[in-house]
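S.K.: Provided herewith: protein-v3.cif, mmCIF, C-alpha atoms and all ligand atoms.
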```cif
data_run
loop_
_atom_site.group_PDB
_atom_site.id
_atom_site.type_symbol
_atom_site.label_atom_id
_atom_site.label_comp_id
_atom_site.auth_asym_id
_atom_site.auth_seq_id
_atom_site.Cartn_x
_atom_site.Cartn_y
_atom_site.Cartn_z
ATOM 1 C CA MET A 198 64.746 173.451 -72.701
ATOM 2 C CA PRO A 199 67.784 171.646 -74.161
ATOM 3 C CA VAL A 200 70.325 169.641 -72.187
ATOM 4 C CA LEU A 201 74.023 169.613 -73.000
ATOM 5 C CA VAL A 202 75.678 166.241 -72.359
ATOM 6 C CA VAL A 203 79.446 165.749 -72.434
ATOM 7 C CA GLY A 204 81.398 162.582 -71.650
ATOM 8 C CA SER A 205 82.768 159.447 -73.235
ATOM 9 C CA ILE A 206 81.349 158.042 -76.468
ATOM 10 C CA GLY A 207 82.764 154.643 -77.120
ATOM 11 C CA LEU A 208 82.688 151.010 -78.029
ATOM 12 C CA ASP A 209 82.120 148.481 -75.269
ATOM 13 C CA ASP A 210 83.044 144.790 -75.216
ATOM 14 C CA ILE A 211 80.869 143.177 -72.572
ATOM 15 C CA LYS A 212 80.824 139.713 -71.067
ATOM 16 C CA THR A 213 78.255 138.308 -68.667
ATOM 17 C CA THR A 214 78.060 134.716 -67.436
ATOM 18 C CA THR A 215 75.732 133.899 -70.341
ATOM 19 C CA GLU A 216 76.527 136.293 -73.189
ATOM 20 C CA GLN A 217 79.395 138.147 -74.809
ATOM 21 C CA HIS A 218 79.132 141.122 -77.192
ATOM 22 C CA LYS A 219 81.747 143.238 -78.925
ATOM 23 C CA SER A 220 81.845 146.854 -80.165
ATOM 24 C CA LEU A 221 78.510 147.811 -78.642
ATOM 25 C CA LEU A 222 77.614 151.481 -78.454
ATOM 26 C CA GLY A 223 78.848 152.599 -75.038
ATOM 27 C CA GLY A 224 80.268 155.521 -73.133
ATOM 28 C CA SER A 225 78.841 157.667 -70.390
ATOM 29 C CA ALA A 226 77.624 160.410 -72.747
ATOM 30 C CA SER A 227 76.016 157.966 -75.185
ATOM 31 C CA TYR A 228 73.832 156.412 -72.513
ATOM 32 C CA ALA A 229 73.087 159.733 -70.809
ATOM 33 C CA ALA A 230 72.224 161.533 -74.050
ATOM 34 C CA ILE A 231 69.869 158.807 -75.250
ATOM 35 C CA ALA A 232 68.161 158.661 -71.836
ATOM 36 C CA ALA A 233 67.796 162.470 -71.652
ATOM 37 C CA SER A 234 66.337 162.562 -75.165
ATOM 38 C CA PHE A 235 63.127 160.964 -73.861
ATOM 39 C CA PHE A 236 62.461 164.212 -71.959
ATOM 40 C CA ALA A 237 64.205 167.124 -73.689
ATOM 41 C CA PRO A 238 66.234 168.081 -76.781
ATOM 42 C CA VAL A 239 69.850 166.991 -76.340
ATOM 43 C CA ARG A 240 73.116 168.613 -77.435
ATOM 44 C CA LEU A 241 75.921 166.056 -77.396
ATOM 45 C CA VAL A 242 79.591 166.955 -76.964
ATOM 46 C CA GLY A 243 82.264 164.306 -77.419
ATOM 47 C CA ILE A 244 84.778 162.673 -79.713
ATOM 48 C CA VAL A 245 84.872 159.475 -81.758
ATOM 49 C CA GLY A 246 87.542 157.936 -84.004
ATOM 50 C CA HIS A 247 87.496 156.783 -87.613
ATOM 51 C CA ASP A 248 86.259 153.334 -86.524
ATOM 52 C CA PHE A 249 82.992 154.551 -84.952
ATOM 53 C CA PRO A 250 80.229 152.655 -86.785
ATOM 54 C CA ALA A 251 77.715 154.684 -88.792
ATOM 55 C CA GLU A 252 74.884 152.620 -87.273
ATOM 56 C CA HIS A 253 75.759 153.967 -83.790
ATOM 57 C CA LYS A 254 75.649 157.531 -85.074
ATOM 58 C CA GLN A 255 72.271 156.740 -86.612
ATOM 59 C CA LEU A 256 70.963 155.854 -83.144
ATOM 60 C CA PHE A 257 71.770 159.363 -81.904
ATOM 61 C CA LEU A 258 70.139 160.881 -84.972
ATOM 62 C CA LYS A 259 67.046 158.725 -84.516
ATOM 63 C CA ARG A 260 66.703 160.240 -81.026
ATOM 64 C CA LYS A 261 67.049 163.720 -82.638
ATOM 65 C CA ILE A 262 70.258 164.398 -80.693
ATOM 66 C CA ASP A 263 72.119 167.482 -81.950
ATOM 67 C CA LEU A 264 75.552 166.261 -83.079
ATOM 68 C CA THR A 265 77.078 169.672 -83.904
ATOM 69 C CA GLY A 266 79.433 169.136 -80.941
ATOM 70 C CA LEU A 267 80.558 165.656 -82.021
ATOM 71 C CA THR A 268 84.177 165.617 -83.224
ATOM 72 C CA GLU A 269 85.238 162.848 -85.588
ATOM 73 C CA ALA A 270 89.019 162.450 -85.432
ATOM 74 C CA ALA A 271 91.661 160.239 -86.988
ATOM 75 C CA GLY A 272 92.516 157.495 -84.496
ATOM 76 C CA GLU A 273 90.660 154.918 -82.471
ATOM 77 C CA THR A 274 87.379 155.409 -80.639
ATOM 78 C CA PHE A 275 87.399 155.112 -76.828
ATOM 79 C CA ARG A 276 86.982 151.411 -75.990
ATOM 80 C CA TRP A 277 86.108 149.799 -72.677
ATOM 81 C CA SER A 278 85.716 146.114 -71.896
ATOM 82 C CA GLY A 279 84.164 144.683 -68.804
ATOM 83 C CA GLU A 280 83.030 141.389 -67.351
ATOM 84 C CA TYR A 281 80.190 140.789 -64.899
ATOM 85 C CA GLU A 282 80.076 138.062 -62.273
ATOM 86 C CA ALA A 283 76.889 136.063 -61.633
ATOM 87 C CA ASP A 284 76.093 138.740 -59.051
ATOM 88 C CA MET A 285 75.964 141.634 -61.485
ATOM 89 C CA ASN A 286 76.834 144.134 -58.779
ATOM 90 C CA ASN A 287 80.380 142.880 -59.295
ATOM 91 C CA ARG A 288 82.153 143.979 -62.455
ATOM 92 C CA GLN A 289 85.783 143.878 -63.526
ATOM 93 C CA THR A 290 87.241 146.272 -66.072
ATOM 94 C CA LEU A 291 89.206 144.062 -68.473
ATOM 95 C CA GLY A 292 90.548 146.804 -70.709
ATOM 96 C CA LEU A 293 90.437 150.527 -71.368
ATOM 97 C CA ASN A 294 91.767 152.203 -74.499
ATOM 98 C CA LEU A 295 91.142 155.936 -74.345
ATOM 99 C CA GLY A 296 92.022 156.381 -78.030
ATOM 100 C CA VAL A 297 91.042 159.817 -79.352
ATOM 101 C CA PHE A 298 89.398 160.613 -75.962
ATOM 102 C CA GLU A 299 92.841 160.745 -74.284
ATOM 103 C CA ASN A 300 93.943 164.227 -75.372
ATOM 104 C CA TYR A 301 90.494 165.611 -76.061
ATOM 105 C CA THR A 302 89.619 169.087 -74.847
ATOM 106 C CA PRO A 303 86.083 169.881 -75.939
ATOM 107 C CA LYS A 304 85.455 173.068 -77.865
ATOM 108 C CA LEU A 305 81.752 173.855 -77.643
ATOM 109 C CA PRO A 306 79.963 175.036 -80.778
ATOM 110 C CA GLU A 307 78.755 178.659 -80.530
ATOM 111 C CA SER A 308 75.149 177.422 -80.630
ATOM 112 C CA PHE A 309 75.674 175.391 -77.416
ATOM 113 C CA LEU A 310 77.188 178.135 -75.245
ATOM 114 C CA ASP A 311 73.900 179.391 -73.828
ATOM 115 C CA THR A 312 72.634 175.968 -72.659
ATOM 116 C CA ASP A 313 71.079 176.106 -69.176
ATOM 117 C CA PHE A 314 70.908 172.428 -68.220
ATOM 118 C CA ILE A 315 74.254 170.652 -68.269
ATOM 119 C CA LEU A 316 75.232 167.053 -67.621
ATOM 120 C CA LEU A 317 78.947 166.468 -67.156
ATOM 121 C CA ALA A 318 78.718 162.703 -67.597
ATOM 122 C CA ASN A 319 81.486 160.507 -66.243
ATOM 123 C CA GLY A 320 84.897 161.580 -67.511
ATOM 124 C CA ALA A 321 88.050 163.298 -66.280
ATOM 125 C CA PRO A 322 87.195 166.258 -63.995
ATOM 126 C CA GLN A 323 89.645 168.435 -65.945
ATOM 127 C CA LEU A 324 87.598 167.793 -69.109
ATOM 128 C CA GLN A 325 84.369 168.476 -67.225
ATOM 129 C CA ALA A 326 85.821 171.784 -65.970
ATOM 130 C CA ALA A 327 86.933 172.757 -69.487
ATOM 131 C CA VAL A 328 83.288 172.552 -70.589
ATOM 132 C CA LEU A 329 82.082 174.677 -67.667
ATOM 133 C CA ASP A 330 84.724 177.308 -68.520
ATOM 134 C CA GLN A 331 83.112 177.846 -71.927
ATOM 135 C CA LEU A 332 79.446 178.052 -70.944
ATOM 136 C CA LYS A 333 77.870 181.513 -70.576
ATOM 137 C CA SER A 334 75.686 181.181 -67.488
ATOM 138 C CA PRO A 335 74.352 177.654 -66.974
ATOM 139 C CA LYS A 336 71.338 177.353 -64.694
ATOM 140 C CA PHE A 337 71.769 173.791 -63.458
ATOM 141 C CA VAL A 338 74.996 171.799 -63.708
ATOM 142 C CA VAL A 339 75.100 168.112 -62.825
ATOM 143 C CA ALA A 340 78.336 166.129 -62.582
ATOM 144 C CA ASP A 341 78.678 162.370 -62.503
ATOM 145 C CA THR A 342 81.961 160.732 -61.546
ATOM 146 C CA MET A 343 83.555 157.379 -60.734
ATOM 147 C CA ASP A 344 86.097 155.759 -58.408
ATOM 148 C CA LEU A 345 88.933 156.208 -60.942
ATOM 149 C CA TRP A 346 88.787 160.038 -60.716
ATOM 150 C CA ILE A 347 88.449 159.974 -56.937
ATOM 151 C CA THR A 348 91.759 158.085 -56.929
ATOM 152 C CA ILE A 349 93.780 159.704 -59.715
ATOM 153 C CA ALA A 350 92.260 163.205 -59.964
ATOM 154 C CA ASN A 351 91.080 163.929 -56.420
ATOM 155 C CA GLU A 352 92.110 167.617 -56.344
ATOM 156 C CA PRO A 353 90.603 168.522 -59.771
ATOM 157 C CA LEU A 354 87.417 166.713 -58.704
ATOM 158 C CA ARG A 355 87.297 168.675 -55.415
ATOM 159 C CA GLU A 356 87.677 171.898 -57.460
ATOM 160 C CA LEU A 357 85.031 170.852 -59.987
ATOM 161 C CA ILE A 358 82.338 170.074 -57.450
ATOM 162 C CA LYS A 359 82.527 173.613 -56.073
ATOM 163 C CA ARG A 360 81.095 174.673 -59.452
ATOM 164 C CA VAL A 361 78.219 172.189 -59.809
ATOM 165 C CA ASN A 362 74.643 172.245 -58.519
ATOM 166 C CA LEU A 363 74.275 168.484 -58.214
ATOM 167 C CA LEU A 364 76.881 165.763 -57.763
ATOM 168 C CA ILE A 365 75.880 162.159 -58.543
ATOM 169 C CA LEU A 366 77.931 159.186 -57.395
ATOM 170 C CA ASN A 367 77.384 155.697 -56.067
ATOM 171 C CA ASP A 368 77.600 154.593 -52.462
ATOM 172 C CA SER A 369 81.087 153.075 -52.593
ATOM 173 C CA GLU A 370 82.383 156.165 -54.403
ATOM 174 C CA ALA A 371 80.794 158.484 -51.828
ATOM 175 C CA LYS A 372 82.477 156.496 -49.061
ATOM 176 C CA ALA A 373 85.858 156.482 -50.823
ATOM 177 C CA PHE A 374 85.660 160.210 -51.605
ATOM 178 C CA THR A 375 84.762 161.269 -48.059
ATOM 179 C CA GLY A 376 86.501 158.519 -46.078
ATOM 180 C CA LEU A 377 83.205 157.949 -44.232
ATOM 181 C CA ASN A 378 81.510 154.585 -43.858
ATOM 182 C CA ASN A 379 77.952 155.833 -43.633
ATOM 183 C CA VAL A 380 76.280 157.049 -46.858
ATOM 184 C CA ILE A 381 74.038 159.538 -45.058
ATOM 185 C CA LYS A 382 77.002 161.202 -43.388
ATOM 186 C CA ALA A 383 78.919 161.029 -46.696
ATOM 187 C CA GLY A 384 76.091 162.751 -48.619
ATOM 188 C CA GLN A 385 75.811 165.477 -46.010
ATOM 189 C CA LEU A 386 79.571 166.066 -45.983
ATOM 190 C CA LEU A 387 79.745 166.217 -49.789
ATOM 191 C CA ARG A 388 77.191 169.039 -49.776
ATOM 192 C CA THR A 389 79.528 171.103 -47.597
ATOM 193 C CA TRP A 390 82.227 170.708 -50.297
ATOM 194 C CA GLY A 391 80.210 172.740 -52.829
ATOM 195 C CA PRO A 392 77.194 171.150 -54.524
ATOM 196 C CA GLN A 393 73.773 172.351 -53.445
ATOM 197 C CA TYR A 394 72.445 168.828 -53.999
ATOM 198 C CA VAL A 395 74.003 165.361 -53.893
ATOM 199 C CA VAL A 396 72.515 162.097 -55.148
ATOM 200 C CA ILE A 397 73.975 158.825 -53.914
ATOM 201 C CA LYS A 398 73.024 155.779 -55.991
ATOM 202 C CA LYS A 399 72.798 152.435 -54.253
ATOM 203 C CA GLY A 400 72.417 150.139 -57.271
ATOM 204 C CA GLU A 401 69.495 147.769 -56.879
ATOM 205 C CA HIS A 402 68.687 149.487 -53.543
ATOM 206 C CA GLY A 403 67.730 152.818 -55.092
ATOM 207 C CA ALA A 404 69.002 156.339 -54.594
ATOM 208 C CA ILE A 405 69.050 159.146 -52.013
ATOM 209 C CA LEU A 406 68.796 162.866 -52.709
ATOM 210 C CA PHE A 407 70.430 165.248 -50.226
ATOM 211 C CA GLY A 408 69.498 168.924 -50.138
ATOM 212 C CA GLN A 409 69.148 171.784 -47.686
ATOM 213 C CA GLU A 410 65.455 170.804 -47.625
ATOM 214 C CA GLY A 411 66.293 167.323 -46.294
ATOM 215 C CA LEU A 412 66.530 163.818 -47.728
ATOM 216 C CA PHE A 413 64.466 161.958 -50.297
ATOM 217 C CA ALA A 414 64.981 158.231 -50.854
ATOM 218 C CA ILE A 415 63.500 155.963 -53.515
ATOM 219 C CA PRO A 416 63.934 152.262 -54.253
ATOM 220 C CA ALA A 417 65.112 150.930 -57.605
ATOM 221 C CA PHE A 418 62.414 149.530 -59.886
ATOM 222 C CA PRO A 419 62.254 145.816 -58.967
ATOM 223 C CA LEU A 420 63.270 143.626 -61.919
ATOM 224 C CA GLU A 421 63.411 139.833 -62.008
ATOM 225 C CA GLU A 422 66.169 139.728 -64.558
ATOM 226 C CA VAL A 423 68.987 142.066 -65.512
ATOM 227 C CA PHE A 424 70.798 141.377 -68.794
ATOM 228 C CA ASP A 425 73.454 144.111 -68.787
ATOM 229 C CA PRO A 426 73.760 146.759 -66.051
ATOM 230 C CA THR A 427 76.278 148.804 -68.067
ATOM 231 C CA GLY A 428 75.240 152.429 -68.334
ATOM 232 C CA ALA A 429 72.475 152.267 -65.707
ATOM 233 C CA GLY A 430 74.103 155.120 -63.777
ATOM 234 C CA ASP A 431 74.553 157.199 -66.927
ATOM 235 C CA CYS A 432 70.921 156.649 -67.926
ATOM 236 C CA PHE A 433 69.801 157.593 -64.420
ATOM 237 C CA ALA A 434 71.719 160.875 -64.665
ATOM 238 C CA GLY A 435 70.491 161.541 -68.220
ATOM 239 C CA GLY A 436 66.856 160.901 -67.327
ATOM 240 C CA LEU A 437 67.154 163.059 -64.218
ATOM 241 C CA VAL A 438 68.629 166.085 -66.013
ATOM 242 C CA GLY A 439 66.361 165.611 -69.023
ATOM 243 C CA TYR A 440 63.306 165.717 -66.770
ATOM 244 C CA CYS A 441 64.517 168.908 -65.027
ATOM 245 C CA ALA A 442 65.173 170.534 -68.423
ATOM 246 C CA SER A 443 61.668 169.594 -69.588
ATOM 247 C CA LYS A 444 60.278 171.494 -66.589
ATOM 248 C CA GLY A 445 62.810 174.350 -66.874
ATOM 249 C CA GLN A 446 63.596 174.055 -63.167
ATOM 250 C CA ALA A 447 65.556 171.982 -60.644
ATOM 251 C CA ASP A 448 64.277 172.744 -57.143
ATOM 252 C CA PHE A 449 63.971 169.991 -54.517
ATOM 253 C CA GLU A 450 60.387 169.055 -55.493
ATOM 254 C CA THR A 451 61.289 168.825 -59.196
ATOM 255 C CA LEU A 452 64.396 166.805 -58.334
ATOM 256 C CA LYS A 453 62.289 164.282 -56.404
ATOM 257 C CA LYS A 454 60.260 163.620 -59.569
ATOM 258 C CA ALA A 455 63.440 163.647 -61.660
ATOM 259 C CA LEU A 456 64.887 160.869 -59.474
ATOM 260 C CA VAL A 457 61.842 158.767 -60.307
ATOM 261 C CA GLN A 458 62.282 159.338 -64.054
ATOM 262 C CA GLY A 459 66.010 158.567 -63.845
ATOM 263 C CA THR A 460 65.230 155.345 -61.999
ATOM 264 C CA LEU A 461 62.645 154.303 -64.597
ATOM 265 C CA ILE A 462 64.824 154.924 -67.633
ATOM 266 C CA ALA A 463 67.757 153.096 -65.995
ATOM 267 C CA SER A 464 65.464 150.138 -65.283
ATOM 268 C CA PHE A 465 64.657 149.791 -68.984
ATOM 269 C CA ASN A 466 68.288 150.132 -69.998
ATOM 270 C CA VAL A 467 69.433 147.079 -68.031
ATOM 271 C CA GLU A 468 66.866 144.859 -69.771
ATOM 272 C CA SER A 469 69.127 144.506 -72.805
ATOM 273 C CA PHE A 470 72.750 145.003 -73.875
ATOM 274 C CA SER A 471 74.005 148.485 -74.761
ATOM 275 C CA THR A 472 71.221 150.952 -75.596
ATOM 276 C CA ARG A 473 69.084 148.362 -77.422
ATOM 277 C CA ARG A 474 66.148 148.507 -75.021
ATOM 278 C CA LEU A 475 66.087 152.309 -75.130
ATOM 279 C CA ASP A 476 66.138 152.121 -78.904
ATOM 280 C CA ARG A 477 62.702 150.513 -78.913
ATOM 281 C CA LEU A 478 61.341 152.189 -75.774
ATOM 282 C CA THR A 479 58.054 154.062 -76.235
ATOM 283 C CA GLU A 480 56.440 156.893 -74.264
ATOM 284 C CA ASN A 481 53.712 154.422 -73.408
ATOM 285 C CA ASP A 482 56.219 151.920 -71.907
ATOM 286 C CA LEU A 483 57.575 154.729 -69.728
ATOM 287 C CA MET A 484 54.128 155.866 -68.597
ATOM 288 C CA GLN A 485 53.011 152.366 -67.709
ATOM 289 C CA ARG A 486 56.138 151.637 -65.694
ATOM 290 C CA ALA A 487 55.860 155.016 -63.965
ATOM 291 C CA GLU A 488 52.362 154.128 -62.808
ATOM 292 C CA ASN A 489 53.483 150.699 -61.650
ATOM 293 C CA PHE A 490 56.482 152.205 -59.820
ATOM 294 C CA ARG A 491 54.333 154.764 -58.003
ATOM 295 C CA LYS A 492 52.181 151.934 -56.661
ATOM 296 C CA ILE A 493 55.153 149.770 -55.659
ATOM 297 C CA ALA A 494 57.082 152.631 -54.036
ATOM 298 C CA GLY A 495 54.000 154.195 -52.442
ATOM 299 C CA LEU A 496 54.653 157.511 -54.187
ATOM 300 C CA ALA A 497 51.864 160.059 -54.703
HETATM 301 P P1 LIG A 501 78.267 152.688 -65.814
HETATM 302 O O1 LIG A 501 77.816 151.275 -66.005
HETATM 303 O O2 LIG A 501 77.150 153.645 -65.511
HETATM 304 O O3 LIG A 501 79.425 152.779 -64.872
HETATM 305 O O4 LIG A 501 78.821 153.198 -67.227
HETATM 306 C C1 LIG A 501 79.524 152.348 -68.084
HETATM 307 C C2 LIG A 501 80.006 153.144 -69.301
HETATM 308 O O5 LIG A 501 81.075 154.012 -68.870
HETATM 309 C C3 LIG A 501 80.552 152.223 -70.370
HETATM 310 O O6 LIG A 501 79.754 152.351 -71.527
HETATM 311 C C4 LIG A 501 81.979 152.692 -70.599
HETATM 312 O O7 LIG A 501 82.253 152.871 -71.959
HETATM 313 C C5 LIG A 501 82.092 154.012 -69.835
HETATM 314 N N1 LIG A 501 83.370 154.144 -69.114
HETATM 315 C C6 LIG A 501 84.071 153.179 -68.495
HETATM 316 N N2 LIG A 501 85.218 153.685 -67.957
HETATM 317 C C7 LIG A 501 85.216 155.015 -68.252
HETATM 318 C C8 LIG A 501 86.142 156.110 -68.019
HETATM 319 N N3 LIG A 501 87.290 155.932 -67.363
HETATM 320 N N4 LIG A 501 85.803 157.343 -68.478
HETATM 321 C C9 LIG A 501 84.656 157.527 -69.141
HETATM 322 N N5 LIG A 501 83.780 156.558 -69.422
HETATM 323 C C10 LIG A 501 84.024 155.309 -68.994
#
```
Could you take the file, read its structure, and then write that structure out as structure tokens?
Ligand code: AMP

M.R.:
Amino acid sequence: MPVLVVGSIGLDDIKTTTEQHKSLLGGSASYAAIAASFFAPVRLVGIVGHDFPAEHKQLFLKRKIDLTGLTEAAGETFRWSGEYEADMNNRQTLGLNLGVFENYTPKLPESFLDTDFILLANGAPQLQAAVLDQLKSPKFVVADTMDLWITIANEPLRELIKRVNLLILNDSEAKAFTGLNNVIKAGQLLRTWGPQYVVIKKGEHGAILFGQEGLFAIPAFPLEEVFDPTGAGDCFAGGLVGYCASKGQADFETLKKALVQGTLIASFNVESFSTRRLDRLTENDLMQRAENFRKIAGLA
């Protein structure tokens, strides 16, 4: 079954302690869509400006992503720049230019309205809600968010999560959103605010799934070297939803397996800048790492 992905599509300028790259393909929806495309057909919804390079669009097409919902407008493409410290868990945003993304209200193509599996990748909750308003009767809606929206759009975010099946956020965001210092308590509280399921990501320490059925926790895939962590969370969400769509279901047992697939695809993404590693990722690479991960994590 197809997955609809909406969010930012942009150009990233990224600096680590050893490398610096400009105008890389970035944006929450770009990473999520490419990750999801390893599991299911993807319908992308977003906006780019006149300066969006053709080679980036080619990457989406190479992954057979349906671009009917991609608007190309006069103006500048969303641009984000960030810098990582030696400890890559620490990142500073150096600049953000929303460009054509600023006043964008998505209008879904008719052919997308009946999509069942939806990923509202990181973006303003008002924009995420505008997409939900147009869909006929989605089966499984996942929303990703970030600290910015918890701070500047708290009420719209609280409204949005009443309408989603799964909310994904990282540990510091879960703590900031709930005002609780313990991630387990935070995950449980978030479920009472609307979503049937919550996933809290803990960076290199893995992720926890919260449901009525209980908890499920997995480690991250252990890597010796990370080149660029940008988009790991988006890839995790894309892989997770893509896997559910490939199975046509999203119950607790399916979600447990989906967490594994999200973790694996995110682990490949951080091995290179932008989506370059995913661009040359093969089914065989994924299968081999899945087998390795099952052994390491002691999964059946
Ligand atoms: P992550 O590393 O998972 O937090 O995702 C990083 C991606 O999010 C980058 O490619 C950015 O272009 C994108 N991004 C950064 N800030 C925002 C924002 N305010 N809204 C939407 N996307 C953003």

S.K.: If we count all atoms listed in the file, what is near Leu201 in chain A at a cut-off of 8 Å, once residues fewer than 5 positions away on the same chain are taken out, given as a list in words?

M.R.: Val239, Arg240, Leu241, Val242, Phe309, Thr312, Phe314, Ile315 and Leu316 of chain A

S.K.: Show me which residues sit within 9 Å of ligand LIG 501 (chain A) when counting all atoms listed in the file, and put them as a PyMOL selection string.

M.R.: chain A and resi 204-210+221-228+275-279+290+293+295+298+318-321+342-343+345-346+425-433+471

S.K.: Around all of range 251-261 of chain A's listed atoms, make the axis-aligned box with 3 Å on each side and tell me centre and edge lengths in Å to one decimal, as AutoDock Vina command-line options.

M.R.:
```
--center_x 72.2 --center_y 158.2 --center_z -84.9 --size_x 17.0 --size_y 17.1 --size_z 13.8
```

S.K.: For this file, the PyMOL selection byres (((chain A and resi 490) around 10) and not hetatm) selects which residues, as a PyMOL selection string?

M.R.: chain A and resi 416-419+457+460-461+484-489+491-496

S.K.: Out of A:Thr214, A:Ser443, A:Ser334, A:Asn351, which residue has the shortest atom-to-atom distance to Phe424 in chain A when counting all atoms listed in the file?

M.R.: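 Once distances to Phe424 in chain A are computed over all atoms listed in the file, the minimum belongs to A:Thr214.
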
S.K.: What separation in Å, quoted to one decimal, exists between CA of Gly266 in chain A and CA of Leu363 in chain A?

M.R.: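 Those two atoms sit 23.3 Å apart.
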
S.K.: So the first atom is CA of Glu410 in chain A and the second is CA of Lys454 in chain A; what is the distance between them in Å, to one decimal place?

M.R.: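 Taking CA of Glu410 in chain A and CA of Lys454 in chain A, their separation equals 14.9 Å.
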
S.K.: Step by step, work through what the PyMOL selection byres (((chain A and resi 385) around 10) and not hetatm) selects in the shown file, and finish by giving those residues as number ranges by chain.

M.R.: A: 380-384, 386-390, 394-395, 407-409, 411-412

S.K.: Quick one: residues within 10 Å of (81.3, 157.9, -52.4) (file frame), counting all atoms listed in the file, please, as a VMD selection string.

M.R.: chain A and resid 342 to 344 347 365 to 380 383 to 384 387 397 to 398

S.K.: Skipping near chain neighbours, those fewer than 6 positions away, what residues fall within 10 Å of Glu422 in chain A using only C-alpha atoms, listed as number ranges by chain?

M.R.: A: 467-469

S.K.: Please provide the set of residues having any atom within 10 Å of Thr215 in chain A, restricted to all atoms listed in the file, with same-chain residues fewer than 3 positions apart removed, written as a list in words.

M.R.: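 Residues near the query, excluding close chain neighbours: Lys212, Tyr281, Ala283 and Phe424 of chain A.
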
S.K.: Report the distance between CA of Asp263 in chain A and CA of Gly436 in chain A in Å, rounded to one decimal place.

M.R.: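 One can read the CA of Asp263 in chain A to CA of Gly436 in chain A distance as 16.9 Å.
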
S.K.: For the file shown, report as a PyMOL selection string the outcome of the PyMOL selection byres (((chain A and resi 245) around 9) and not hetatm) at residue level.

M.R.: chain A and resi 205-207+243-244+246-249+267-275+296-298

S.K.: For C-alpha atoms, I'd like the residues from the last selection saved as a PDB file, keeping the file's coordinate frame.

M.R.:
```pdb
ATOM      1  CA  SER A 205      82.768 159.447 -73.235  1.00  0.00           C
ATOM      2  CA  ILE A 206      81.349 158.042 -76.468  1.00  0.00           C
ATOM      3  CA  GLY A 207      82.764 154.643 -77.120  1.00  0.00           C
ATOM      4  CA  GLY A 243      82.264 164.306 -77.419  1.00  0.00           C
ATOM      5  CA  ILE A 244      84.778 162.673 -79.713  1.00  0.00           C
ATOM      6  CA  GLY A 246      87.542 157.936 -84.004  1.00  0.00           C
ATOM      7  CA  HIS A 247      87.496 156.783 -87.613  1.00  0.00           C
ATOM      8  CA  ASP A 248      86.259 153.334 -86.524  1.00  0.00           C
ATOM      9  CA  PHE A 249      82.992 154.551 -84.952  1.00  0.00           C
ATOM     10  CA  LEU A 267      80.558 165.656 -82.021  1.00  0.00           C
ATOM     11  CA  THR A 268      84.177 165.617 -83.224  1.00  0.00           C
ATOM     12  CA  GLU A 269      85.238 162.848 -85.588  1.00  0.00           C
ATOM     13  CA  ALA A 270      89.019 162.450 -85.432  1.00  0.00           C
ATOM     14  CA  ALA A 271      91.661 160.239 -86.988  1.00  0.00           C
ATOM     15  CA  GLY A 272      92.516 157.495 -84.496  1.00  0.00           C
ATOM     16  CA  GLU A 273      90.660 154.918 -82.471  1.00  0.00           C
ATOM     17  CA  THR A 274      87.379 155.409 -80.639  1.00  0.00           C
ATOM     18  CA  PHE A 275      87.399 155.112 -76.828  1.00  0.00           C
ATOM     19  CA  GLY A 296      92.022 156.381 -78.030  1.00  0.00           C
ATOM     20  CA  VAL A 297      91.042 159.817 -79.352  1.00  0.00           C
ATOM     21  CA  PHE A 298      89.398 160.613 -75.962  1.00  0.00           C
TER      22      PHE A 298
END
```

S.K.: Give the answer as one residue: which of A:Asn294, A:Gln323, A:Asn362, A:Ser234 has the shortest atom-to-atom distance to Ile349 in chain A, using all atoms listed in the file?

M.R.: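 Of all the options, A:Gln323 lies closest to Ile349 in chain A.
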
S.K.: Using only C-alpha atoms, which residue out of A:Glu282, A:Ala447, A:Glu252, A:Phe235 lies closest to Asn481 in chain A?

M.R.: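 Looking only at the distances to Asn481 in chain A, the closest residue turns out to be A:Phe235.
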
S.K.: Closest to Glu352 in chain A among A:Ala340, A:Leu291, A:Pro322, A:His218, using all atoms listed in the file?

M.R.: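 Smallest separation from Glu352 in chain A among the options: A:Pro322.
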
S.K.: Considering all atoms listed in the file, return as a list in words whatever protein or nucleic-acid residues lie within 10 Å of Ala326 in chain A, sequence-local ones (same chain, fewer than 5 positions apart) excluded.

M.R.: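 Using all atoms listed in the file, the neighbours found are Leu317, Ala321, Gln331, Ala340, Pro353, Leu354, Glu356, Leu357, Ile358, Arg360 and Val361 of chain A.
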
S.K.: Nearest residue to Thr451 in chain A out of A:Met198, A:Leu324, A:Ala463, A:Leu406, using only C-alpha atoms?

M.R.: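 Closest to Thr451 in chain A of all the choices is A:Leu406.
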
S.K.: Using all atoms listed in the file, find the one residue out of A:Glu216, A:Phe236, A:Gly292, A:Asp476 that sits nearest to Gly445 in chain A.

M.R.: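 For Gly445 in chain A, the nearest of the given residues is A:Phe236.
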